[in-house]
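Each remark here refers to the structure printed beneath this line.
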Amino acid sequence: MLHLKPDVPTDPRVGFYPGTFDPVTFGHLDIIHRASALFDRLLVGVAVNEGKQPLLDLDARLTALRHEVDKLPHGDRIEVVGFDTLLVDAVRQAGAGTVVRGLRSGGDFDYESQLSGALRRLAPEIETVFLLSSEEHRSTASRIVKEIARLGGDISPFVSEDVARIVLSKLGRGPT
């Protein structure tokens, strides 16, 4: 979990990619991989976000994400952290100067541009960049993956074997 650090200067070469990651999908990993090539350091912030009623608890999401990030080419420049504060506070605490957001569709853009505007008003020193999802991941959303899993469908096109095992186990359909 991020802890308050007073007066940490923001650095535009440090990116912060926030999300719930419930569960982490190939779409998330695509954005993380591509963003990690753009920054000297990338923090992936896993939000507690009880409002979304996550399937996986924070520890399970952090563990799964760290395991998946370790497989990426720039894994040594990526750090996975949990946060339960306002995004702007988490970004400042991390010393990041840039927030990374992934876009799948026009609907995502509408929401994300509003979020970016609010962030800009709260922290004009922090920039937001958008990365368009790769074509093969535009239909991937954690919410859809969970629904497919709940209804007994195959989630392997959307998540790794390890993540699928965690999700299915949480739903009572696999080894614990």
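Within each chain, counting starts at residue 1; across the structure tokens, chains are named A, B, ... in the order shown, with ligands numbered 1 upward in that order.
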Problem - 9 Å contact set for A:Arg61, only C-alpha atoms, chain neighbours under 6 positions out, as a PyMOL selection string - result: chain A and resi 20-24+46
Keeping C-alpha atoms, export the residues of the selection given above as a PDB file, in the first residue's frame.
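Contents of the output file selection.pdb:
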ATOM      1  CA  THR A  20      -8.971  -2.212 -10.098  1.00  0.00           C
ATOM      2  CA  PHE A  21      -7.502  -5.143 -12.081  1.00  0.00           C
ATOM      3  CA  ASP A  22     -10.265  -7.499 -10.976  1.00  0.00           C
ATOM      4  CA  PRO A  23      -8.917  -9.633 -12.582  1.00  0.00           C
ATOM      5  CA  VAL A  24      -5.861  -8.507 -14.541  1.00  0.00           C
ATOM      6  CA  VAL A  46      -4.274  -1.324  -7.724  1.00  0.00           C
TER       7      VAL A  46
END
Practice task
Any chance you could list, as an NGL selection string, the residues in chain A that come up alpha helix (DSSP H) when DSSP is run on the backbone?
Solution key: :A and (26-36 or 58-69 or 87-94 or 106-122 or 142-150 or 161-170)
Store the residues of this selection in a file with C-alpha atoms, as an mmCIF file, in the first residue's frame.
data_model
loop_
_atom_site.group_PDB
_atom_site.id
_atom_site.type_symbol
_atom_site.label_atom_id
_atom_site.label_comp_id
_atom_site.auth_asym_id
_atom_site.auth_seq_id
_atom_site.Cartn_x
_atom_site.Cartn_y
_atom_site.Cartn_z
ATOM 1 C CA PHE A 26 -4.315 -9.464 -21.335
ATOM 2 C CA GLY A 27 -5.627 -5.991 -22.199
ATOM 3 C CA HIS A 28 -4.229 -4.567 -18.955
ATOM 4 C CA LEU A 29 -0.926 -6.335 -19.538
ATOM 5 C CA ASP A 30 -0.727 -4.932 -23.065
ATOM 6 C CA ILE A 31 -1.087 -1.375 -21.725
ATOM 7 C CA ILE A 32 1.420 -2.061 -18.920
ATOM 8 C CA HIS A 33 3.944 -3.511 -21.372
ATOM 9 C CA ARG A 34 3.625 -0.582 -23.774
ATOM 10 C CA ALA A 35 3.634 2.055 -21.014
ATOM 11 C CA SER A 36 6.708 0.542 -19.372
ATOM 12 C CA LEU A 58 -6.705 -6.575 -2.816
ATOM 13 C CA ASP A 59 -3.992 -9.063 -1.831
ATOM 14 C CA ALA A 60 -5.072 -11.538 -4.518
ATOM 15 C CA ARG A 61 -5.121 -8.795 -7.165
ATOM 16 C CA LEU A 62 -1.692 -7.498 -6.111
ATOM 17 C CA THR A 63 -0.206 -11.007 -6.109
ATOM 18 C CA ALA A 64 -1.665 -11.914 -9.508
ATOM 19 C CA LEU A 65 -0.560 -8.645 -11.071
ATOM 20 C CA ARG A 66 2.975 -8.897 -9.679
ATOM 21 C CA HIS A 67 3.236 -12.451 -11.011
ATOM 22 C CA GLU A 68 2.096 -11.358 -14.478
ATOM 23 C CA VAL A 69 4.295 -8.232 -14.549
ATOM 24 C CA LEU A 87 -5.978 8.927 -7.470
ATOM 25 C CA VAL A 88 -4.297 12.339 -7.331
ATOM 26 C CA ASP A 89 -2.971 11.594 -3.835
ATOM 27 C CA ALA A 90 -1.667 8.167 -4.866
ATOM 28 C CA VAL A 91 0.083 9.657 -7.915
ATOM 29 C CA ARG A 92 1.686 12.387 -5.809
ATOM 30 C CA GLN A 93 2.726 9.896 -3.106
ATOM 31 C CA ALA A 94 4.393 7.801 -5.801
ATOM 32 C CA GLY A 106 -15.284 6.027 -27.516
ATOM 33 C CA GLY A 107 -17.225 5.395 -24.322
ATOM 34 C CA ASP A 108 -13.958 4.928 -22.447
ATOM 35 C CA PHE A 109 -12.710 8.205 -23.922
ATOM 36 C CA ASP A 110 -15.755 10.124 -22.655
ATOM 37 C CA TYR A 111 -15.296 8.846 -19.105
ATOM 38 C CA GLU A 112 -11.506 9.121 -19.129
ATOM 39 C CA SER A 113 -11.524 12.689 -20.482
ATOM 40 C CA GLN A 114 -13.769 13.708 -17.563
ATOM 41 C CA LEU A 115 -11.442 11.979 -15.104
ATOM 42 C CA SER A 116 -8.442 13.622 -16.754
ATOM 43 C CA GLY A 117 -10.088 17.043 -16.493
ATOM 44 C CA ALA A 118 -10.770 16.565 -12.794
ATOM 45 C CA LEU A 119 -7.204 15.403 -12.223
ATOM 46 C CA ARG A 120 -5.883 18.436 -14.111
ATOM 47 C CA ARG A 121 -7.903 20.775 -11.874
ATOM 48 C CA LEU A 122 -6.683 19.055 -8.707
ATOM 49 C CA SER A 142 -12.637 -7.441 -16.379
ATOM 50 C CA ARG A 143 -16.380 -7.145 -15.839
ATOM 51 C CA ILE A 144 -17.038 -9.282 -18.945
ATOM 52 C CA VAL A 145 -14.369 -11.815 -17.951
ATOM 53 C CA LYS A 146 -16.009 -12.266 -14.546
ATOM 54 C CA GLU A 147 -19.444 -12.688 -16.132
ATOM 55 C CA ILE A 148 -18.151 -15.309 -18.575
ATOM 56 C CA ALA A 149 -16.480 -17.160 -15.684
ATOM 57 C CA ARG A 150 -19.617 -17.011 -13.500
ATOM 58 C CA GLU A 161 -3.796 -19.628 -16.971
ATOM 59 C CA ASP A 162 -2.686 -18.500 -13.521
ATOM 60 C CA VAL A 163 -5.269 -15.714 -13.364
ATOM 61 C CA ALA A 164 -7.993 -18.020 -14.694
ATOM 62 C CA ARG A 165 -7.158 -20.512 -11.940
ATOM 63 C CA ILE A 166 -7.490 -17.762 -9.280
ATOM 64 C CA VAL A 167 -10.820 -16.523 -10.676
ATOM 65 C CA LEU A 168 -12.305 -20.014 -11.027
ATOM 66 C CA SER A 169 -11.137 -20.966 -7.552
ATOM 67 C CA LYS A 170 -12.781 -17.853 -6.104
#
Exercise for the section: Mind checking which residues fall within 8 Å of A:Gly19, counting only C-alpha atoms, ignoring those fewer than 6 positions away in the same chain, and posting them as a ChimeraX atom specification? Expected result: /A:44-47
Let's have the selection written as a tab-separated table (two decimals), in the first residue's frame, with C-alpha atoms.
chain	number	residue	atom	x	y	z
A	44	VAL	CA	0.74	0.05	-11.48
A	45	GLY	CA	-1.69	1.21	-8.83
A	46	VAL	CA	-4.27	-1.32	-7.72
A	47	ALA	CA	-7.25	0.50	-6.26
I'd like a table as a Markdown table: residues in stretch 60-127 of chain A with an atom no more than 12 Å from stretch 37-40 of chain A, each row giving the shortest atom pair and its distance in Å to one decimal, only C-alpha atoms counted, sorted by chain and rising residue number.
| residue | atom | partner | partner_atom | distance |
| --- | --- | --- | --- | --- |
| A:Leu72 | CA | A:Ala37 | CA | 10.7 |
| A:Pro73 | CA | A:Ala37 | CA | 9.0 |
| A:His74 | CA | A:Ala37 | CA | 7.0 |
| A:Gly75 | CA | A:Ala37 | CA | 10.1 |
| A:Asp76 | CA | A:Asp40 | CA | 10.1 |
| A:Arg77 | CA | A:Asp40 | CA | 6.7 |
| A:Ile78 | CA | A:Asp40 | CA | 9.0 |
| A:Glu79 | CA | A:Asp40 | CA | 11.5 |
| A:Ala96 | CA | A:Phe39 | CA | 10.2 |
| A:Gly97 | CA | A:Phe39 | CA | 10.4 |
| A:Thr98 | CA | A:Phe39 | CA | 9.2 |
| A:Val99 | CA | A:Phe39 | CA | 11.0 |
| A:Val100 | CA | A:Leu38 | CA | 10.3 |
Practice task
Identify all residues of stretch 8-160 of chain A in strand (DSSP E or B) (DSSP on the backbone) and supply them as a PyMOL selection string.
Solution key: chain A and resi 11-19+41-47+78-83+96-103+127-132
Exercise for the section: Determine the nearest neighbour of A:Phe130 from the options A:Arg101, A:Asn49, A:Gly153, A:Phe83, counting only C-alpha atoms. Expected result: A:Arg101
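From atom CA of A:Phe16 back to atom CA of A:Ala141, the distance works out to 19.7 Å.
Considering only C-alpha atoms, the residue among A:Arg173, A:His137, A:Lys71, A:Arg13 positioned nearest to A:Gly95 is A:Arg13.
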Practice task
Between atom CA of A:Leu56 and atom CA of A:Glu136, measure the distance and give it in Å to one decimal.
Solution key: 24.8 Å
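Of the listed residues (A:Gly15, A:Pro9, A:Gly172, A:Gly102), A:Gly15 comes nearest to A:Glu127; the distances count only C-alpha atoms.
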Completion exercise
note - atom CA of A:Thr85 and atom CA of A:Val48 are separated by 8.6 Å
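Nearest-residue note for A:Val80: choosing from A:Ser134, A:Gln53, A:Ser105, A:Pro18, the minimum distance belongs to A:Pro18, counting only C-alpha atoms.
The shortest atom-to-atom distance to A:Phe158, with only C-alpha atoms taken into account, belongs to A:Thr25 out of A:Thr25, A:Leu42, A:Tyr17, A:Asp70.
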